[in-house]
file run.cif (mmCIF, C-alpha atoms)
data_input
#
loop_
_atom_site.label_atom_id
_atom_site.label_comp_id
_atom_site.auth_asym_id
_atom_site.auth_seq_id
_atom_site.Cartn_x
_atom_site.Cartn_y
_atom_site.Cartn_z
CA ARG J 1 2.32 -14.59 3.63
CA ILE J 2 -0.12 -12.00 2.28
CA ILE J 3 2.69 -9.55 1.55
CA ASN J 4 4.74 -12.17 -0.29
CA ARG J 5 1.77 -13.36 -2.37
CA LEU J 6 0.84 -9.79 -3.22
CA ARG J 7 4.42 -8.84 -4.11
CA ARG J 8 4.85 -11.81 -6.47
CA LEU J 9 1.58 -11.14 -8.28
CA LEU J 10 2.18 -7.38 -8.54
CA GLU J 11 5.67 -7.98 -9.92
CA LYS J 12 4.18 -10.13 -12.71
CA TYR J 13 1.46 -7.54 -13.36
CA LEU J 14 3.97 -4.69 -13.66
CA GLU J 15 6.79 -6.52 -15.44
CA GLU J 16 6.32 -4.86 -18.85
CA GLY J 17 6.01 -1.31 -17.54
CA ASP J 18 8.13 1.44 -16.04
CA TYR J 19 6.99 0.82 -12.47
CA ALA J 20 8.09 -1.77 -9.93
CA VAL J 21 7.13 -3.10 -6.53
CA HIS J 22 9.51 -1.97 -3.80
CA HIS J 23 9.85 -3.04 -0.17
CA ASP J 24 12.24 -2.40 2.71
CA TRP J 25 12.69 1.20 1.53
CA ASN J 26 11.87 4.49 3.17
CA VAL J 27 9.18 6.67 1.65
CA ILE J 28 9.99 10.26 2.59
CA HIS J 29 7.80 13.36 2.67
CA GLY J 30 9.26 16.47 4.27
CA LEU J 31 10.83 15.42 7.56
CA LYS J 32 8.76 12.23 7.85
CA ALA J 33 9.78 8.75 6.73
CA TRP J 34 7.72 5.57 6.57
CA VAL J 35 8.53 2.01 5.56
CA PRO J 36 5.39 0.58 3.90
CA ASP J 37 5.06 -3.17 3.53
CA LEU J 38 5.11 -2.62 -0.25
CA PHE J 39 4.89 0.33 -2.61
CA ILE J 40 4.82 1.00 -6.32
CA ALA J 41 7.15 3.61 -7.75
CA PRO J 42 9.28 4.00 -10.88
CA GLU J 43 11.62 1.10 -11.53
CA GLU J 44 14.41 3.47 -12.51
CA ASP J 45 14.69 5.11 -9.13
CA GLU J 46 17.75 7.37 -9.27
CA GLU J 47 15.88 10.60 -10.00
CA HIS J 48 13.24 9.81 -7.37
CA LEU J 49 15.56 9.16 -4.45
CA THR J 50 15.95 11.81 -1.79
CA GLU J 51 19.13 13.91 -1.90
CA ASP J 52 20.70 11.77 0.85
CA SER J 53 19.59 8.55 -0.97
CA LEU J 54 17.83 7.33 2.17
CA GLY J 55 14.56 6.67 0.40
CA PHE J 56 12.01 7.45 -2.27
CA ALA J 57 10.39 10.85 -2.48
CA ALA J 58 6.70 10.32 -1.69
CA SER J 59 5.84 12.31 -4.82
CA ALA J 60 7.09 9.38 -6.95
CA VAL J 61 5.07 6.73 -5.09
CA LYS J 62 1.83 5.70 -6.83
CA LEU J 63 0.52 3.11 -4.36
CA VAL J 64 1.37 2.01 -0.81
CA VAL J 65 0.36 -1.26 0.82
CA GLU J 66 0.06 -1.99 4.51
CA VAL J 67 -0.95 -5.33 5.96
CA VAL J 68 -2.15 -4.57 9.47
CA SER J 69 -0.12 -6.20 12.22
CA PRO J 70 -1.67 -7.53 15.44
CA GLY J 71 -1.92 -5.30 18.49
CA HIS J 72 -3.79 -2.09 19.19
CA GLU J 73 -0.80 0.21 18.58
CA ASN J 74 0.01 -1.40 15.21
CA GLN J 75 -3.62 -1.25 14.14
CA GLN J 76 -3.84 2.45 15.02
CA ARG J 77 -0.61 3.12 13.15
CA ASP J 78 -1.77 1.48 9.91
CA ARG J 79 -5.47 2.38 10.03
CA VAL J 80 -5.18 5.97 11.28
CA ARG J 81 -1.70 7.51 11.39
CA LYS J 82 -0.33 6.08 8.15
CA ARG J 83 -3.62 6.74 6.38
CA ARG J 84 -3.36 10.41 7.35
CA ALA J 85 0.35 10.57 6.48
CA TYR J 86 0.01 8.94 3.06
CA ALA J 87 -2.95 11.16 2.15
CA GLY J 88 -0.99 14.18 3.39
CA ALA J 89 1.89 13.21 1.12
CA GLY J 90 -0.51 12.95 -1.84
CA ILE J 91 0.07 9.24 -2.48
CA PRO J 92 -2.75 8.38 -4.91
CA VAL J 93 -3.67 4.88 -3.68
CA TYR J 94 -3.47 3.34 -0.21
CA LEU J 95 -4.22 -0.39 -0.05
CA LEU J 96 -4.91 -1.63 3.48
CA ILE J 97 -5.28 -5.37 4.09
CA ASP J 98 -6.57 -6.03 7.57
CA ASP J 99 -6.81 -9.49 9.19
CA HIS J 100 -7.96 -7.84 12.42
CA ASP J 101 -11.04 -6.02 11.13
CA GLN J 102 -14.15 -8.16 11.54
CA HIS J 103 -13.55 -11.19 9.28
CA GLY J 104 -10.73 -9.67 7.26
CA THR J 105 -11.12 -6.62 5.03
CA VAL J 106 -9.44 -5.03 2.07
CA THR J 107 -9.70 -1.25 1.84
CA VAL J 108 -8.67 0.76 -1.23
CA LEU J 109 -8.35 4.48 -0.55
CA THR J 110 -7.99 7.01 -3.39
CA SER J 111 -8.36 10.73 -4.14
CA PRO J 112 -6.06 12.11 -1.44
CA SER J 113 -6.54 15.62 -0.07
CA PRO J 114 -3.02 16.47 1.09
CA GLY J 115 -4.02 19.62 2.95
CA GLU J 116 -6.57 17.69 4.99
CA GLY J 117 -4.66 14.41 5.27
CA THR J 118 -7.68 12.44 4.09
CA TYR J 119 -8.75 10.23 1.21
CA ALA J 120 -12.06 11.19 -0.42
CA ALA J 121 -12.83 7.77 -1.89
CA GLU J 122 -12.92 4.46 -0.04
CA THR J 123 -13.84 0.95 -1.16
CA ARG J 124 -13.95 -1.59 1.66
CA VAL J 125 -14.76 -5.25 1.09
CA PRO J 126 -14.49 -8.48 3.11
CA TYR J 127 -11.86 -11.06 2.26
CA GLY J 128 -13.10 -13.27 -0.55
CA THR J 129 -14.60 -10.31 -2.46
CA VAL J 130 -12.65 -9.17 -5.52
CA VAL J 131 -11.62 -5.51 -5.51
CA GLU J 132 -9.52 -3.83 -8.22
CA ILE J 133 -6.99 -1.05 -8.01
CA PRO J 134 -8.80 1.82 -9.75
CA GLU J 135 -5.89 3.95 -11.00
CA GLY J 136 -2.17 4.24 -11.56
CA PRO J 137 0.34 1.65 -12.79
CA ALA J 138 -1.54 -1.18 -11.05
CA LYS J 139 -4.93 -0.13 -12.43
CA GLY J 140 -7.09 -3.23 -12.90
CA PHE J 141 -4.98 -5.42 -10.61
CA ALA J 142 -7.40 -7.50 -8.54
CA ILE J 143 -7.05 -8.25 -4.86
CA THR J 144 -8.58 -11.72 -4.59
CA GLU J 145 -8.93 -14.62 -2.20
CA GLU J 146 -5.69 -15.94 -3.75
CA ILE J 147 -3.92 -13.06 -1.96
CA THR J 148 -5.90 -12.65 1.26
CA GLY J 149 -7.21 -16.12 1.80
CA PRO J 150 -10.93 -16.77 2.37
CA ARG J 151 -13.24 -14.72 4.53
CA GLN J 152 -12.45 -15.44 8.16
CA GLY J 153 -14.83 -16.65 10.83
#

call {"tool": "encode", "arguments": {"input": "run.cif", "output": "structure tokens"}}
result
Amino acid sequence: RIINRLRRLLEKYLEEGDYAVHHDWNVIHGLKAWVPDLFIAPEEDEEHLTEDSLGFAASAVKLVVEVVSPGHENQQRDRVRKRRAYAGAGIPVYLLIDDHDQHGTVTVLTSPSPGEGTYAAETRVPYGTVVEIPEGPAKGFAITEEITGPRQG
């Protein structure tokens, strides 16, 4: 439900611009491919597709969203491995929505260091606390309780 709420609101937020919300697409960097829950990239995608048209070049992606799935392996994938991969690909903003972290958290990661596979800036808030996307096409878009639901527990 979180992904669908977020997608609908982001689509409205971006509707007058050159960027769109995408889902069920590969994001490709080198020999690696990921399928984020959502991502923001140019609406006109032809020039940003890989040569084989199997996905978007990570260099065109401005924001990725992952909503953490239950289970230790899924949590490690989204919290650790994808975080490292997206930073390594230079994706400017990684939005992580996590039902399984304390009472629900929203983490916005920015300032990637591709060579290190890390993000230099991190804002982490509990569900119910408004946090805005700080840069890119979705700059100013607020992640609110309307998207995440109230603080859990």

call {"tool": "atom_distance", "arguments": {"input": "run.cif", "atom1": "atom CA of J:Ile133", "atom2": "atom CA of J:Ile97"}}
result
13.0 Å

call {"tool": "atom_distance", "arguments": {"input": "run.cif", "atom1": "atom CA of J:Thr110", "atom2": "atom CA of J:Glu47"}}
result
25.0 Å

call {"tool": "closest_residue", "arguments": {"input": "run.cif", "among": "J:Pro137, J:Gly71, J:Gly104, J:Gly30", "to": "J:Gly55", "atoms": "only C-alpha atoms"}}
result
J:Gly30

call {"tool": "residues_around", "arguments": {"input": "run.cif", "residues": "J:Ser53", "least_positions_apart": "3", "cutoff": "12 Å", "atoms": "only C-alpha atoms", "output": "list in words"}}
result
Trp25, Asn26, Val27, Ile28, Asp45, Glu46, Glu47, His48, Leu49, Thr50, Phe56 and Ala57 of chain J

call {"tool": "write_last_selection", "arguments": {"input": "run.cif", "atoms": "C-alpha atoms", "output": "mmCIF file, in the coordinates of the input"}}
result
data_model
loop_
_atom_site.group_PDB
_atom_site.id
_atom_site.type_symbol
_atom_site.label_atom_id
_atom_site.label_comp_id
_atom_site.auth_asym_id
_atom_site.auth_seq_id
_atom_site.Cartn_x
_atom_site.Cartn_y
_atom_site.Cartn_z
ATOM 1 C CA TRP J 25 12.690 1.200 1.530
ATOM 2 C CA ASN J 26 11.870 4.490 3.170
ATOM 3 C CA VAL J 27 9.180 6.670 1.650
ATOM 4 C CA ILE J 28 9.990 10.260 2.590
ATOM 5 C CA ASP J 45 14.690 5.110 -9.130
ATOM 6 C CA GLU J 46 17.750 7.370 -9.270
ATOM 7 C CA GLU J 47 15.880 10.600 -10.000
ATOM 8 C CA HIS J 48 13.240 9.810 -7.370
ATOM 9 C CA LEU J 49 15.560 9.160 -4.450
ATOM 10 C CA THR J 50 15.950 11.810 -1.790
ATOM 11 C CA PHE J 56 12.010 7.450 -2.270
ATOM 12 C CA ALA J 57 10.390 10.850 -2.480
#

call {"tool": "residues_around", "arguments": {"input": "run.cif", "residues": "stretch 142-150 of chain J", "least_positions_apart": "5", "cutoff": "9 Å", "atoms": "all atoms listed in the file", "output": "list in words"}}
result
Arg1, Ile2, Ile3, Asn4, Arg5, Leu6, Leu9, Ile97, Asp99, Gly104, Thr105, Val106, Tyr127, Gly128, Thr129, Val130, Val131, Glu132 and Ile133 of chain J

call {"tool": "resolve_selection", "arguments": {"input": "run.cif", "expression": "the PyMOL selection byres ((chain J and resi 124) around 6)", "output": "ChimeraX atom specification"}}
result
/J:106-107,123,125

call {"tool": "residues_near_point", "arguments": {"input": "run.cif", "point": "(-6.9, 1.2, 2.1)", "cutoff": "10 Å", "atoms": "only C-alpha atoms", "output": "PyMOL selection string"}}
result
chain J and resi 64-67+78-79+83+93-98+105-110+119+121-124

call {"tool": "closest_residue", "arguments": {"input": "run.cif", "among": "J:Arg81, J:Ala89, J:Pro36, J:Pro42", "to": "J:Gly115", "atoms": "all atoms listed in the file"}}
result
J:Ala89

call {"tool": "resolve_selection", "arguments": {"input": "run.cif", "expression": "the PyMOL selection byres ((chain J and resi 11) around 12)", "output": "PDB file with C-alpha atoms, keeping the file's coordinate frame"}}
result
ATOM      1  CA  ILE J   3       2.690  -9.550   1.550  1.00  0.00           C
ATOM      2  CA  ASN J   4       4.740 -12.170  -0.290  1.00  0.00           C
ATOM      3  CA  ARG J   5       1.770 -13.360  -2.370  1.00  0.00           C
ATOM      4  CA  LEU J   6       0.840  -9.790  -3.220  1.00  0.00           C
ATOM      5  CA  ARG J   7       4.420  -8.840  -4.110  1.00  0.00           C
ATOM      6  CA  ARG J   8       4.850 -11.810  -6.470  1.00  0.00           C
ATOM      7  CA  LEU J   9       1.580 -11.140  -8.280  1.00  0.00           C
ATOM      8  CA  LEU J  10       2.180  -7.380  -8.540  1.00  0.00           C
ATOM      9  CA  LYS J  12       4.180 -10.130 -12.710  1.00  0.00           C
ATOM     10  CA  TYR J  13       1.460  -7.540 -13.360  1.00  0.00           C
ATOM     11  CA  LEU J  14       3.970  -4.690 -13.660  1.00  0.00           C
ATOM     12  CA  GLU J  15       6.790  -6.520 -15.440  1.00  0.00           C
ATOM     13  CA  GLU J  16       6.320  -4.860 -18.850  1.00  0.00           C
ATOM     14  CA  GLY J  17       6.010  -1.310 -17.540  1.00  0.00           C
ATOM     15  CA  ASP J  18       8.130   1.440 -16.040  1.00  0.00           C
ATOM     16  CA  TYR J  19       6.990   0.820 -12.470  1.00  0.00           C
ATOM     17  CA  ALA J  20       8.090  -1.770  -9.930  1.00  0.00           C
ATOM     18  CA  VAL J  21       7.130  -3.100  -6.530  1.00  0.00           C
ATOM     19  CA  HIS J  22       9.510  -1.970  -3.800  1.00  0.00           C
ATOM     20  CA  HIS J  23       9.850  -3.040  -0.170  1.00  0.00           C
ATOM     21  CA  LEU J  38       5.110  -2.620  -0.250  1.00  0.00           C
ATOM     22  CA  PHE J  39       4.890   0.330  -2.610  1.00  0.00           C
ATOM     23  CA  ILE J  40       4.820   1.000  -6.320  1.00  0.00           C
ATOM     24  CA  ALA J  41       7.150   3.610  -7.750  1.00  0.00           C
ATOM     25  CA  GLU J  43      11.620   1.100 -11.530  1.00  0.00           C
ATOM     26  CA  PRO J 137       0.340   1.650 -12.790  1.00  0.00           C
ATOM     27  CA  ALA J 138      -1.540  -1.180 -11.050  1.00  0.00           C
ATOM     28  CA  PHE J 141      -4.980  -5.420 -10.610  1.00  0.00           C
TER      29      PHE J 141
END

call {"tool": "closest_residue", "arguments": {"input": "run.cif", "among": "J:Pro126, J:Gly117, J:Gly136, J:Leu31", "to": "J:His103", "atoms": "only C-alpha atoms"}}
result
J:Pro126

call {"tool": "atom_distance", "arguments": {"input": "run.cif", "atom1": "atom CA of J:Thr118", "atom2": "atom CA of J:Gly88"}}
result
6.9 Å

call {"tool": "closest_residue", "arguments": {"input": "run.cif", "among": "J:Val68, J:Val35, J:Ala120, J:Ala60", "to": "J:Ile91", "atoms": "all atoms listed in the file"}}
result
J:Ala60

call {"tool": "closest_residue", "arguments": {"input": "run.cif", "among": "J:Ser69, J:Leu63, J:Ser113, J:Asp24", "to": "J:Lys139", "atoms": "only C-alpha atoms"}}
result
J:Leu63

call {"tool": "closest_residue", "arguments": {"input": "run.cif", "among": "J:Ser111, J:Glu51, J:Gln75, J:Ala33", "to": "J:Glu135", "atoms": "only C-alpha atoms"}}
result
J:Ser111

call {"tool": "residues_around", "arguments": {"input": "run.cif", "residues": "J:Gly90", "least_positions_apart": "2", "cutoff": "6 Å", "atoms": "all atoms listed in the file", "output": "list in words"}}
result
Ala87, Gly88, Pro92, Pro112 and Pro114 of chain J
